[in-house]
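Colleague: my_file-v5.cif is reproduced below (mmCIF, C-alpha atoms).
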```cif
data_work
#
loop_
_atom_site.group_PDB
_atom_site.id
_atom_site.type_symbol
_atom_site.label_atom_id
_atom_site.label_comp_id
_atom_site.auth_asym_id
_atom_site.auth_seq_id
_atom_site.Cartn_x
_atom_site.Cartn_y
_atom_site.Cartn_z
ATOM 1 C CA MET X 457 57.455 13.077 140.696
ATOM 2 C CA ARG X 458 60.479 14.390 142.560
ATOM 3 C CA TYR X 459 62.578 11.543 144.043
ATOM 4 C CA LEU X 460 65.505 9.836 142.305
ATOM 5 C CA LEU X 461 66.830 6.527 143.680
ATOM 6 C CA HIS X 462 70.548 5.842 144.200
ATOM 7 C CA GLU X 463 72.114 2.779 142.524
ATOM 8 C CA HIS X 464 68.803 1.322 141.349
ATOM 9 C CA PRO X 465 69.091 0.911 137.551
ATOM 10 C CA ALA X 466 65.689 -0.792 137.510
ATOM 11 C CA PHE X 467 64.082 2.561 138.449
ATOM 12 C CA PRO X 468 66.035 5.267 136.583
ATOM 13 C CA GLY X 469 63.237 7.854 136.419
ATOM 14 C CA LEU X 470 61.648 10.202 138.945
ATOM 15 C CA LEU X 471 59.277 8.640 141.479
ATOM 16 C CA SER X 472 56.574 10.023 143.768
ATOM 17 C CA ARG X 473 56.115 9.260 147.498
ATOM 18 C CA GLU X 474 53.318 6.866 146.575
ATOM 19 C CA ASP X 475 55.651 5.017 144.169
ATOM 20 C CA LEU X 476 58.272 4.631 146.919
ATOM 21 C CA PHE X 477 55.626 3.398 149.395
ATOM 22 C CA VAL X 478 54.349 0.795 146.925
ATOM 23 C CA LEU X 479 57.875 -0.482 146.149
ATOM 24 C CA VAL X 480 58.652 -0.865 149.870
ATOM 25 C CA GLU X 481 55.394 -2.768 150.443
ATOM 26 C CA ARG X 482 56.316 -5.155 147.591
ATOM 27 C CA GLY X 483 59.797 -5.675 148.959
ATOM 28 C CA SER X 484 61.499 -4.147 145.881
ATOM 29 C CA LEU X 485 63.050 -1.398 148.066
ATOM 30 C CA ARG X 486 64.257 -1.173 151.631
ATOM 31 C CA ARG X 487 63.509 1.751 153.910
ATOM 32 C CA GLY X 488 67.231 2.248 154.292
ATOM 33 C CA ASP X 489 67.821 2.828 150.548
ATOM 34 C CA LEU X 490 68.838 6.373 149.617
ATOM 35 C CA CYS X 491 67.046 8.743 147.271
ATOM 36 C CA THR X 492 67.504 12.390 146.245
ATOM 37 C CA ASP X 493 64.801 15.046 146.456
ATOM 38 C CA THR X 494 65.218 16.800 143.096
ATOM 39 C CA LEU X 495 63.535 19.955 144.429
ATOM 40 C CA THR X 496 65.809 20.489 147.456
ATOM 41 C CA ARG X 497 68.842 18.487 146.162
ATOM 42 C CA ARG X 498 69.052 16.724 149.534
ATOM 43 C CA ASP X 499 69.466 13.003 150.146
ATOM 44 C CA HIS X 500 67.018 11.063 152.328
ATOM 45 C CA THR X 501 66.335 7.444 153.136
ATOM 46 C CA VAL X 502 63.194 5.971 151.610
ATOM 47 C CA GLY X 503 61.886 5.393 155.152
ATOM 48 C CA GLU X 504 62.145 9.111 155.943
ATOM 49 C CA VAL X 505 60.244 10.079 152.776
ATOM 50 C CA ILE X 506 57.320 7.679 153.321
ATOM 51 C CA SER X 507 57.183 8.012 157.114
ATOM 52 C CA GLY X 508 53.600 8.274 158.349
ATOM 53 C CA MET X 509 52.025 7.402 154.986
ATOM 54 C CA LYS X 510 48.953 5.204 154.790
ATOM 55 C CA PRO X 511 48.407 2.519 152.100
ATOM 56 C CA PRO X 512 47.200 4.045 148.798
ATOM 57 C CA ARG X 513 43.422 3.951 148.354
ATOM 58 C CA GLY X 514 42.349 0.808 146.566
ATOM 59 C CA GLY X 515 44.790 -1.566 148.305
ATOM 60 C CA THR X 516 48.499 -2.230 148.039
ATOM 61 C CA ALA X 517 48.038 -4.935 145.390
ATOM 62 C CA ARG X 518 47.777 -2.224 142.730
ATOM 63 C CA VAL X 519 51.563 -2.310 142.852
ATOM 64 C CA ALA X 520 51.286 -5.320 140.568
ATOM 65 C CA ARG X 521 50.436 -2.879 137.788
ATOM 66 C CA PRO X 522 52.771 0.125 138.385
ATOM 67 C CA SER X 523 53.069 3.060 136.041
ATOM 68 C CA PHE X 524 56.726 2.128 135.477
ATOM 69 C CA GLN X 525 58.387 -1.146 134.498
ATOM 70 C CA GLU X 526 60.231 -3.006 137.229
ATOM 71 C CA ILE X 527 63.247 -5.111 136.191
ATOM 72 C CA ARG X 528 64.609 -7.609 138.714
ATOM 73 C CA ALA X 529 68.091 -8.807 137.805
ATOM 74 C CA ASP X 530 67.842 -11.779 140.154
ATOM 75 C CA LEU X 531 64.757 -13.259 138.454
ATOM 76 C CA PRO X 532 64.881 -15.113 135.092
ATOM 77 C CA HIS X 533 62.761 -13.726 132.275
ATOM 78 C CA ASP X 534 62.011 -16.381 129.699
ATOM 79 C CA PRO X 535 60.785 -15.039 126.353
ATOM 80 C CA PRO X 536 57.407 -16.328 125.098
ATOM 81 C CA PRO X 537 57.413 -19.077 122.502
ATOM 82 C CA GLU X 538 58.063 -17.876 118.964
ATOM 83 C CA ASP X 539 54.729 -19.183 117.721
ATOM 84 C CA MET X 540 52.761 -17.248 120.374
ATOM 85 C CA GLU X 541 51.320 -13.865 119.509
ATOM 86 C CA PRO X 542 52.252 -10.931 121.836
ATOM 87 C CA ASP X 543 48.654 -10.582 123.057
ATOM 88 C CA GLU X 544 48.475 -14.284 123.906
ATOM 89 C CA ALA X 545 51.732 -14.126 125.876
ATOM 90 C CA GLY X 546 50.415 -11.223 127.922
ATOM 91 C CA ASP X 547 47.147 -13.028 128.628
ATOM 92 C CA GLU X 548 49.015 -16.126 129.824
ATOM 93 C CA GLU X 549 51.146 -14.081 132.256
ATOM 94 C CA THR X 550 48.027 -12.387 133.621
ATOM 95 C CA GLU X 551 46.270 -15.688 134.249
ATOM 96 C CA ALA X 552 49.339 -17.122 136.009
ATOM 97 C CA GLY X 553 49.589 -14.050 138.220
ATOM 98 C CA ASP X 554 45.913 -14.308 139.188
ATOM 99 C CA GLU X 555 46.396 -17.926 140.249
ATOM 100 C CA ASP X 556 49.454 -17.095 142.407
ATOM 101 C CA ASP X 557 47.836 -14.141 144.210
ATOM 102 C CA GLU X 558 45.093 -15.886 146.156
ATOM 103 C CA GLY X 559 44.248 -12.793 148.251
ATOM 104 C CA GLU X 560 43.527 -10.633 145.160
ATOM 105 C CA ASP X 561 40.073 -9.820 143.856
ATOM 106 C CA SER X 562 39.084 -9.047 140.278
ATOM 107 C CA GLU X 563 40.573 -5.536 140.476
ATOM 108 C CA GLY X 564 43.777 -6.557 142.254
ATOM 109 C CA ASP X 565 42.853 -5.287 145.723
ATOM 110 C CA VAL X 566 44.143 -7.038 148.841
ATOM 111 C CA GLU X 567 43.735 -6.356 152.533
ATOM 112 C CA ASP X 568 46.430 -4.578 154.495
ATOM 113 C CA GLY X 569 49.349 -6.656 155.770
ATOM 114 C CA ASP X 570 52.305 -8.475 154.226
ATOM 115 C CA ASP X 571 50.601 -11.861 154.537
ATOM 116 C CA GLY X 572 47.292 -10.737 153.012
ATOM 117 C CA GLY X 573 45.669 -10.234 156.457
ATOM 118 C CA GLU X 574 44.934 -7.209 158.560
ATOM 119 C CA GLU X 575 47.681 -5.616 160.639
ATOM 120 C CA THR X 576 47.348 -6.598 164.299
ATOM 121 C CA ILE X 577 48.188 -4.176 167.130
ATOM 122 C CA GLN X 578 50.306 -6.014 169.709
ATOM 123 C CA LEU X 579 50.812 -3.031 172.057
ATOM 124 C CA HIS X 580 49.167 0.391 172.444
ATOM 125 C CA ALA X 581 50.513 2.457 175.349
ATOM 126 C CA HIS X 582 51.133 6.014 176.583
ATOM 127 C CA PRO X 583 53.810 7.589 178.793
ATOM 128 C CA SER X 584 53.491 6.476 182.407
ATOM 129 C CA TRP X 585 51.565 8.566 184.950
ATOM 130 C CA LEU X 586 54.726 8.327 187.074
ATOM 131 C CA ASN X 587 56.430 10.612 184.556
ATOM 132 C CA TYR X 588 54.708 13.649 186.115
ATOM 133 C CA PRO X 589 55.744 13.637 189.818
ATOM 134 C CA GLY X 590 56.060 17.423 190.050
ATOM 135 C CA SER X 591 52.578 17.962 188.646
ATOM 136 C CA PHE X 592 50.995 15.503 191.079
ATOM 137 C CA PHE X 593 52.854 17.104 193.998
ATOM 138 C CA LEU X 594 51.411 20.491 193.005
ATOM 139 C CA ILE X 595 47.921 18.988 192.688
ATOM 140 C CA LEU X 596 48.205 17.546 196.212
ATOM 141 C CA LEU X 597 49.261 20.965 197.534
ATOM 142 C CA LEU X 598 46.267 22.619 195.875
ATOM 143 C CA LEU X 599 43.897 20.005 197.281
ATOM 144 C CA GLY X 600 45.420 20.467 200.743
ATOM 145 C CA GLY X 601 44.964 24.219 200.423
ATOM 146 C CA ALA X 602 41.343 23.713 199.400
ATOM 147 C CA GLY X 603 40.736 21.574 202.491
ATOM 148 C CA TRP X 604 42.337 24.188 204.754
ATOM 149 C CA LEU X 605 40.248 27.006 203.207
ATOM 150 C CA LEU X 606 37.014 25.129 203.858
ATOM 151 C CA ALA X 607 37.185 26.419 207.436
ATOM 152 C CA TYR X 608 36.811 29.963 206.099
ATOM 153 C CA GLY X 609 34.032 29.238 203.615
ATOM 154 C CA GLY X 610 33.388 27.021 200.627
ATOM 155 C CA GLU X 611 33.818 29.852 198.124
ATOM 156 C CA TYR X 612 37.469 30.260 199.109
ATOM 157 C CA ALA X 613 38.191 26.525 198.720
ATOM 158 C CA LEU X 614 36.680 26.492 195.231
ATOM 159 C CA ILE X 615 39.618 28.372 193.646
ATOM 160 C CA PRO X 616 42.440 25.905 194.536
ATOM 161 C CA LEU X 617 40.092 22.973 193.850
ATOM 162 C CA LEU X 618 39.382 24.199 190.323
ATOM 163 C CA ALA X 619 43.098 24.869 189.804
ATOM 164 C CA ALA X 620 43.930 21.289 190.843
ATOM 165 C CA LEU X 621 41.319 19.870 188.463
ATOM 166 C CA ALA X 622 42.598 22.038 185.593
ATOM 167 C CA TRP X 623 46.187 20.919 186.246
ATOM 168 C CA LEU X 624 45.131 17.252 186.330
ATOM 169 C CA LEU X 625 43.291 17.703 183.032
ATOM 170 C CA GLY X 626 46.429 19.205 181.476
ATOM 171 C CA VAL X 627 48.518 16.236 182.616
ATOM 172 C CA ALA X 628 45.968 13.809 181.158
ATOM 173 C CA ILE X 629 45.949 15.648 177.806
ATOM 174 C CA ALA X 630 49.749 15.642 177.668
ATOM 175 C CA ARG X 631 49.838 11.908 178.396
ATOM 176 C CA PHE X 632 47.112 10.772 176.003
ATOM 177 C CA SER X 633 48.381 12.962 173.151
ATOM 178 C CA THR X 634 51.339 10.574 172.769
ATOM 179 C CA ASP X 635 50.714 7.025 171.540
ATOM 180 C CA TYR X 636 53.226 4.172 171.447
ATOM 181 C CA MET X 637 52.197 1.304 169.156
ATOM 182 C CA VAL X 638 53.751 -2.028 168.227
ATOM 183 C CA THR X 639 52.049 -4.088 165.523
ATOM 184 C CA ASP X 640 53.098 -7.301 163.815
ATOM 185 C CA GLU X 641 54.618 -5.133 161.048
ATOM 186 C CA ARG X 642 55.946 -1.908 162.570
ATOM 187 C CA VAL X 643 56.904 0.133 165.628
ATOM 188 C CA GLU X 644 55.255 3.570 165.589
ATOM 189 C CA LYS X 645 55.082 6.704 167.723
ATOM 190 C CA VAL X 646 52.226 9.182 167.171
ATOM 191 C CA TRP X 647 52.056 12.518 168.984
ATOM 192 C CA GLY X 648 50.236 15.849 168.869
ATOM 193 C CA ILE X 649 46.882 17.335 169.874
ATOM 194 C CA LEU X 650 45.528 19.363 166.953
ATOM 195 C CA GLY X 651 48.032 18.180 164.352
ATOM 196 C CA ARG X 652 49.150 14.552 164.686
ATOM 197 C CA SER X 653 52.678 13.532 163.657
ATOM 198 C CA SER X 654 54.179 10.053 163.526
ATOM 199 C CA LYS X 655 57.419 8.135 163.091
ATOM 200 C CA GLU X 656 57.666 4.421 162.404
ATOM 201 C CA VAL X 657 60.125 1.631 161.697
ATOM 202 C CA ARG X 658 59.268 -1.676 160.083
ATOM 203 C CA ILE X 659 59.860 -4.685 162.323
ATOM 204 C CA CYS X 660 62.101 -6.346 159.741
ATOM 205 C CA ASP X 661 64.229 -3.176 159.367
ATOM 206 C CA ILE X 662 65.053 -2.805 163.073
ATOM 207 C CA ARG X 663 68.761 -3.114 163.823
ATOM 208 C CA SER X 664 69.006 -2.207 167.507
ATOM 209 C CA ILE X 665 66.731 -1.652 170.509
ATOM 210 C CA ASP X 666 68.178 0.237 173.496
ATOM 211 C CA VAL X 667 66.472 0.465 176.895
ATOM 212 C CA TYR X 668 67.355 3.125 179.495
ATOM 213 C CA GLN X 669 66.062 3.117 183.080
ATOM 214 C CA LYS X 670 67.274 5.584 185.718
ATOM 215 C CA GLY X 671 66.607 6.465 189.331
ATOM 216 C CA VAL X 672 63.405 5.751 191.184
ATOM 217 C CA LEU X 673 61.376 5.527 187.971
ATOM 218 C CA GLY X 674 63.755 2.849 186.744
ATOM 219 C CA LEU X 675 63.167 0.825 189.905
ATOM 220 C CA LEU X 676 59.423 1.050 189.164
ATOM 221 C CA GLY X 677 59.935 -0.315 185.648
ATOM 222 C CA VAL X 678 59.619 3.009 183.802
ATOM 223 C CA GLY X 679 62.170 3.622 181.074
ATOM 224 C CA THR X 680 62.873 4.732 177.515
ATOM 225 C CA VAL X 681 63.008 2.405 174.489
ATOM 226 C CA ASP X 682 65.059 3.690 171.521
ATOM 227 C CA VAL X 683 64.622 1.896 168.182
ATOM 228 C CA SER X 684 67.055 2.231 165.270
ATOM 229 C CA SER X 685 66.877 0.741 161.778
ATOM 230 C CA ALA X 686 69.578 -0.671 159.535
ATOM 231 C CA GLY X 687 69.315 2.331 157.221
ATOM 232 C CA ASN X 688 69.867 5.072 159.815
ATOM 233 C CA SER X 689 72.640 5.574 162.362
ATOM 234 C CA GLY X 690 70.442 7.549 164.787
ATOM 235 C CA VAL X 691 67.368 6.792 166.868
ATOM 236 C CA GLU X 692 64.247 6.753 164.673
ATOM 237 C CA VAL X 693 61.494 5.913 167.173
ATOM 238 C CA SER X 694 61.737 6.593 170.911
ATOM 239 C CA PHE X 695 59.207 5.434 173.502
ATOM 240 C CA LYS X 696 59.976 7.742 176.441
ATOM 241 C CA ASN X 697 58.976 7.146 180.068
ATOM 242 C CA MET X 698 56.785 4.087 179.575
ATOM 243 C CA ARG X 699 56.129 1.174 181.906
ATOM 244 C CA GLY X 700 57.536 -2.241 181.014
ATOM 245 C CA ALA X 701 60.326 -0.939 178.784
ATOM 246 C CA HIS X 702 62.171 -4.280 178.738
ATOM 247 C CA ALA X 703 58.910 -6.121 177.988
ATOM 248 C CA VAL X 704 58.502 -3.925 174.888
ATOM 249 C CA LYS X 705 61.999 -4.873 173.728
ATOM 250 C CA HIS X 706 61.290 -8.598 174.166
ATOM 251 C CA LEU X 707 57.973 -8.207 172.294
ATOM 252 C CA VAL X 708 59.650 -6.576 169.279
ATOM 253 C CA ARG X 709 62.402 -9.209 169.165
ATOM 254 C CA ARG X 710 59.802 -11.983 169.300
ATOM 255 C CA LEU X 711 57.898 -10.391 166.414
ATOM 256 C CA GLN X 712 61.154 -10.141 164.451
ATOM 257 C CA ARG X 713 61.842 -13.843 164.872
ATOM 258 C CA GLY X 714 58.309 -14.675 163.792
ATOM 259 C CA SER X 715 57.847 -12.357 160.798
ATOM 260 C CA CYS X 716 61.385 -11.814 159.484
ATOM 261 C CA ALA X 717 62.756 -15.370 159.699
ATOM 262 C CA GLY X 718 64.467 -16.338 156.471
#
```
What does the file become when written as structure tokens?
Modeller:
Amino acid sequence: MRYLLHEHPAFPGLLSREDLFVLVERGSLRRGDLCTDTLTRRDHTVGEVISGMKPPRGGTARVARPSFQEIRADLPHDPPPEDMEPDEAGDEETEAGDEDDEGEDSEGDVEDGDDGGEETIQLHAHPSWLNYPGSFFLILLLLGGAGWLLAYGGEYALIPLLAALAWLLGVAIARFSTDYMVTDERVEKVWGILGRSSKEVRICDIRSIDVYQKGVLGLLGVGTVDVSSAGNSGVEVSFKNMRGAHAVKHLVRRLQRGSCAG
């Protein structure tokens, strides 16, 4: 427990990262809300703290029974009838909650997704091969050198050929170590080879999407997509040098209209 929310009287105590994740999934917090790390005394947005987290084991519906009491000022709280015992009032609320939550099982577990269904990947891409023109030019030179050295013996041509293959393998590793994903809930970038890092923004939190295309690569449809949320003034997720940059923007806007309407 190390995070303290700003201007949230309903949650006056210290919260963990898991608590913040659960509250965001329920809709009680926004990713743009501010909190203070009591260990470092620095302020962060909730989205920065829970970035890259996975749903807690056992399902997100366990939020219905948090370790702290949530008070919503915008919802009426009618007291139980005077002739009802406290235990009976609690049992009645539990039964009503079980009837409302159709996707919940006996332990309160639900599948991932805001609508009770699984999260669907709408786009999974990598940086374009066209992003490495210098590397491919060098590979062509090495292959040309290997062909020229064949006249002097196959053993001489083997060295530039192996160098070209090694360089091509390095380009492939660099490309496939970066993943760009758009689901019906979030926009996420994952990168790294041994250690994988990620940044994400919820679809409903996106404020602006900027597309940049320059030079010859721009004419070929390769560009950069920068995504910003309402809780952060800077770019949070950037898809660099990918094909169909404008198509990605239109996809995210369409998902916003479908999932965030109202």
Colleague: Rounded to one decimal place, report the CA of Leu676 in chain X-CA of Asp640 in chain X distance in Å.
Modeller: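 Value for the CA of Leu676 in chain X-CA of Asp640 in chain X distance: 27.4 Å.
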Colleague: To one decimal in Å, tell me the separation between CA of Ser654 in chain X and CA of His464 in chain X.
Modeller: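 So the answer is 28.0 Å.
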Colleague: Determine the nearest neighbour of Asp489 in chain X from the options X:Cys716, X:Leu579, X:Ala686, X:Leu605, counting only C-alpha atoms.
Modeller: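 Going through X:Cys716, X:Leu579, X:Ala686, X:Leu605 one by one, the smallest distance to Asp489 in chain X is for X:Ala686.
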Colleague: Using only C-alpha atoms, which protein or nucleic acid residues come within 7 Å of Lys696 in chain X? Drop anything in the same chain fewer than 4 positions from it, and give the result as a PyMOL selection string.
Modeller: chain X and resi 583+679-681
Colleague: Once you have the residues from the selection above, write them out as a CSV table (one decimal), in the frame of the given file, restricted to C-alpha atoms.
Modeller:
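Just written: part.csv:
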```csv
chain,number,residue,atom,x,y,z
X,583,PRO,CA,53.8,7.6,178.8
X,679,GLY,CA,62.2,3.6,181.1
X,680,THR,CA,62.9,4.7,177.5
X,681,VAL,CA,63.0,2.4,174.5
```
Colleague: Using all atoms listed in the file, determine which residues lie at most 12 Å from Pro589 in chain X, disregarding the query and same-chain residues fewer than 5 positions distant; provide the list as an mmCIF file with C-alpha atoms, in the coordinates of the input.
Modeller:
```cif
data_model
loop_
_atom_site.group_PDB
_atom_site.id
_atom_site.type_symbol
_atom_site.label_atom_id
_atom_site.label_comp_id
_atom_site.auth_asym_id
_atom_site.auth_seq_id
_atom_site.Cartn_x
_atom_site.Cartn_y
_atom_site.Cartn_z
ATOM 1 C CA SER X 584 53.491 6.476 182.407
ATOM 2 C CA LEU X 594 51.411 20.491 193.005
ATOM 3 C CA ILE X 595 47.921 18.988 192.688
ATOM 4 C CA LEU X 596 48.205 17.546 196.212
ATOM 5 C CA LEU X 624 45.131 17.252 186.330
ATOM 6 C CA VAL X 627 48.518 16.236 182.616
ATOM 7 C CA VAL X 672 63.405 5.751 191.184
ATOM 8 C CA LEU X 673 61.376 5.527 187.971
#
```
Colleague: Please write the residues picked by the PyMOL selection byres ((chain X and resi 488) around 12) on this file as a PyMOL selection string.
Modeller: chain X and resi 461-462+476+480+485-487+489-491+499-507+657-658+660-663+684-689+692
Colleague: Since we have the selection now, will you write its residues out, keeping C-alpha atoms, as a PDB file, in the frame of the given file?
Modeller:
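Output file selection-v3.pdb follows:
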```pdb
ATOM      1  CA  LEU X 461      66.830   6.527 143.680  1.00  0.00           C
ATOM      2  CA  HIS X 462      70.548   5.842 144.200  1.00  0.00           C
ATOM      3  CA  LEU X 476      58.272   4.631 146.919  1.00  0.00           C
ATOM      4  CA  VAL X 480      58.652  -0.865 149.870  1.00  0.00           C
ATOM      5  CA  LEU X 485      63.050  -1.398 148.066  1.00  0.00           C
ATOM      6  CA  ARG X 486      64.257  -1.173 151.631  1.00  0.00           C
ATOM      7  CA  ARG X 487      63.509   1.751 153.910  1.00  0.00           C
ATOM      8  CA  ASP X 489      67.821   2.828 150.548  1.00  0.00           C
ATOM      9  CA  LEU X 490      68.838   6.373 149.617  1.00  0.00           C
ATOM     10  CA  CYS X 491      67.046   8.743 147.271  1.00  0.00           C
ATOM     11  CA  ASP X 499      69.466  13.003 150.146  1.00  0.00           C
ATOM     12  CA  HIS X 500      67.018  11.063 152.328  1.00  0.00           C
ATOM     13  CA  THR X 501      66.335   7.444 153.136  1.00  0.00           C
ATOM     14  CA  VAL X 502      63.194   5.971 151.610  1.00  0.00           C
ATOM     15  CA  GLY X 503      61.886   5.393 155.152  1.00  0.00           C
ATOM     16  CA  GLU X 504      62.145   9.111 155.943  1.00  0.00           C
ATOM     17  CA  VAL X 505      60.244  10.079 152.776  1.00  0.00           C
ATOM     18  CA  ILE X 506      57.320   7.679 153.321  1.00  0.00           C
ATOM     19  CA  SER X 507      57.183   8.012 157.114  1.00  0.00           C
ATOM     20  CA  VAL X 657      60.125   1.631 161.697  1.00  0.00           C
ATOM     21  CA  ARG X 658      59.268  -1.676 160.083  1.00  0.00           C
ATOM     22  CA  CYS X 660      62.101  -6.346 159.741  1.00  0.00           C
ATOM     23  CA  ASP X 661      64.229  -3.176 159.367  1.00  0.00           C
ATOM     24  CA  ILE X 662      65.053  -2.805 163.073  1.00  0.00           C
ATOM     25  CA  ARG X 663      68.761  -3.114 163.823  1.00  0.00           C
ATOM     26  CA  SER X 684      67.055   2.231 165.270  1.00  0.00           C
ATOM     27  CA  SER X 685      66.877   0.741 161.778  1.00  0.00           C
ATOM     28  CA  ALA X 686      69.578  -0.671 159.535  1.00  0.00           C
ATOM     29  CA  GLY X 687      69.315   2.331 157.221  1.00  0.00           C
ATOM     30  CA  ASN X 688      69.867   5.072 159.815  1.00  0.00           C
ATOM     31  CA  SER X 689      72.640   5.574 162.362  1.00  0.00           C
ATOM     32  CA  GLU X 692      64.247   6.753 164.673  1.00  0.00           C
TER      33      GLU X 692
END
```
Colleague: From the list X:Leu470, X:Val693, X:Leu479, X:Val667, which residue is nearest Lys645 in chain X when using only C-alpha atoms?
Modeller: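 Smallest separation from Lys645 in chain X among the options: X:Val693.
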Colleague: Go through X:Ala602, X:Met637, X:Leu625, X:Ala630 one by one, measure the shortest atom-to-atom distance of each to Asn587 in chain X using all atoms listed in the file, and give the residue with the smallest value.
Modeller: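 Closest to Asn587 in chain X, using all atoms listed in the file: X:Ala630.
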Colleague: Please, what distance in Å, to one decimal, runs between CA of Phe632 in chain X and CA of Leu711 in chain X?
Modeller: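 Separation of CA of Phe632 in chain X and CA of Leu711 in chain X: 25.6 Å.
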Colleague: Please return as a PyMOL selection string every residue within 7 Å of (63.1, -0.8, 172.6), taking into account all atoms listed in the file and the file's own coordinates.
Modeller: chain X and resi 665-667+681-683+701+704-705
Colleague: Just the selected residues (C-alpha atoms), exported as a CSV table (one decimal), in the frame of the given file, please.
Modeller:
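To be explicit, this is the file written out as selection-v6.csv:
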```csv
chain,number,residue,atom,x,y,z
X,665,ILE,CA,66.7,-1.7,170.5
X,666,ASP,CA,68.2,0.2,173.5
X,667,VAL,CA,66.5,0.5,176.9
X,681,VAL,CA,63.0,2.4,174.5
X,682,ASP,CA,65.1,3.7,171.5
X,683,VAL,CA,64.6,1.9,168.2
X,701,ALA,CA,60.3,-0.9,178.8
X,704,VAL,CA,58.5,-3.9,174.9
X,705,LYS,CA,62.0,-4.9,173.7
```
Colleague: Let me make sure I understand: among X:Gly651, X:Gly700, X:Gly590, X:Gly600, which one has the smallest atom-to-atom distance to Gly677 in chain X if we use all atoms listed in the file?
Modeller: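 Closest residue, counting all atoms listed in the file: X:Gly700.
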Colleague: If I wrap all listed atoms of range 487-503 of chain X in a box with edges along x, y and z and add 8 Å on each side, what are its centre and edge lengths in Å to one decimal, as lines of an AutoDock Vina configuration file?
Modeller:
```
center_x = 65.7
center_y = 11.1
center_z = 149.1
size_x = 23.6
size_y = 34.7
size_z = 28.1
```
Colleague: For each of X:Leu471, X:Val646, X:Val638, X:Leu621, take the minimum atom-to-atom distance to Ile659 in chain X, counting all atoms listed in the file, then give the residue where this is smallest.
Modeller: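 Using all atoms listed in the file, Ile659 in chain X sits closest to X:Val638.
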Colleague: Skip Thr494 in chain X itself and residues of its chain fewer than 3 positions away, then list as a VMD selection string all residues within 8 Å of it, counting all atoms listed in the file.
Modeller: chain X and resid 458 to 460 497 to 498
Colleague: Once the PyMOL selection byres ((chain X and resi 615) around 12) is applied to the coordinates I shared, what remains selected? I want it as a list in words.
Modeller: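 Selected by the PyMOL selection byres ((chain X and resi 615) around 12) here: Leu598, Leu599, Gly601, Ala602, Gly603, Leu605, Leu606, Gly609, Gly610, Glu611, Tyr612, Ala613, Leu614, Pro616, Leu617, Leu618, Ala619, Ala620, Leu621 and Ala622 of chain X.
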Colleague: Counting only C-alpha atoms, figure out which residue out of X:Pro511, X:Tyr608, X:Pro465, X:His706 gets nearest to Arg482 in chain X.
Modeller: X:Pro511
Colleague: For the file shown, what are the residues hit by the PyMOL selection byres ((chain X and resi 582) around 6), laid out as a list in words?
Modeller: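 With the shown file as input, the PyMOL selection byres ((chain X and resi 582) around 6) matches Ala581, Pro583, Thr634, Asp635 and Tyr636 of chain X.
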Colleague: N, CA and C atoms are needed for range 611-623 of chain X; please write them out as a PDB file, in the coordinates of the input.
Modeller:
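Output saved as result.pdb:
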```
ATOM      1  N   GLU X 611      33.447  29.089 199.318  1.00  0.00           N
ATOM      2  CA  GLU X 611      33.818  29.852 198.124  1.00  0.00           C
ATOM      3  C   GLU X 611      35.319  30.057 198.009  1.00  0.00           C
ATOM      4  N   TYR X 612      36.016  30.100 199.148  1.00  0.00           N
ATOM      5  CA  TYR X 612      37.469  30.260 199.109  1.00  0.00           C
ATOM      6  C   TYR X 612      38.154  28.947 198.678  1.00  0.00           C
ATOM      7  N   ALA X 613      37.597  27.816 199.076  1.00  0.00           N
ATOM      8  CA  ALA X 613      38.191  26.525 198.720  1.00  0.00           C
ATOM      9  C   ALA X 613      37.965  26.174 197.259  1.00  0.00           C
ATOM     10  N   LEU X 614      37.003  26.839 196.621  1.00  0.00           N
ATOM     11  CA  LEU X 614      36.680  26.492 195.231  1.00  0.00           C
ATOM     12  C   LEU X 614      37.817  26.842 194.278  1.00  0.00           C
ATOM     13  N   ILE X 615      38.555  27.931 194.564  1.00  0.00           N
ATOM     14  CA  ILE X 615      39.618  28.372 193.646  1.00  0.00           C
ATOM     15  C   ILE X 615      40.748  27.343 193.554  1.00  0.00           C
ATOM     16  N   PRO X 616      41.381  26.917 194.666  1.00  0.00           N
ATOM     17  CA  PRO X 616      42.440  25.905 194.536  1.00  0.00           C
ATOM     18  C   PRO X 616      41.909  24.557 194.034  1.00  0.00           C
ATOM     19  N   LEU X 617      40.652  24.233 194.335  1.00  0.00           N
ATOM     20  CA  LEU X 617      40.092  22.973 193.850  1.00  0.00           C
ATOM     21  C   LEU X 617      39.982  22.976 192.326  1.00  0.00           C
ATOM     22  N   LEU X 618      39.478  24.101 191.777  1.00  0.00           N
ATOM     23  CA  LEU X 618      39.382  24.199 190.323  1.00  0.00           C
ATOM     24  C   LEU X 618      40.767  24.206 189.672  1.00  0.00           C
ATOM     25  N   ALA X 619      41.728  24.855 190.340  1.00  0.00           N
ATOM     26  CA  ALA X 619      43.098  24.869 189.804  1.00  0.00           C
ATOM     27  C   ALA X 619      43.684  23.454 189.770  1.00  0.00           C
ATOM     28  N   ALA X 620      43.419  22.668 190.810  1.00  0.00           N
ATOM     29  CA  ALA X 620      43.930  21.289 190.843  1.00  0.00           C
ATOM     30  C   ALA X 620      43.295  20.450 189.732  1.00  0.00           C
ATOM     31  N   LEU X 621      41.993  20.616 189.517  1.00  0.00           N
ATOM     32  CA  LEU X 621      41.319  19.870 188.463  1.00  0.00           C
ATOM     33  C   LEU X 621      41.841  20.271 187.086  1.00  0.00           C
ATOM     34  N   ALA X 622      42.080  21.568 186.875  1.00  0.00           N
ATOM     35  CA  ALA X 622      42.598  22.038 185.593  1.00  0.00           C
ATOM     36  C   ALA X 622      43.994  21.482 185.338  1.00  0.00           C
ATOM     37  N   TRP X 623      44.825  21.450 186.396  1.00  0.00           N
ATOM     38  CA  TRP X 623      46.187  20.919 186.246  1.00  0.00           C
ATOM     39  C   TRP X 623      46.154  19.426 185.929  1.00  0.00           C
TER      40      TRP X 623
END
```
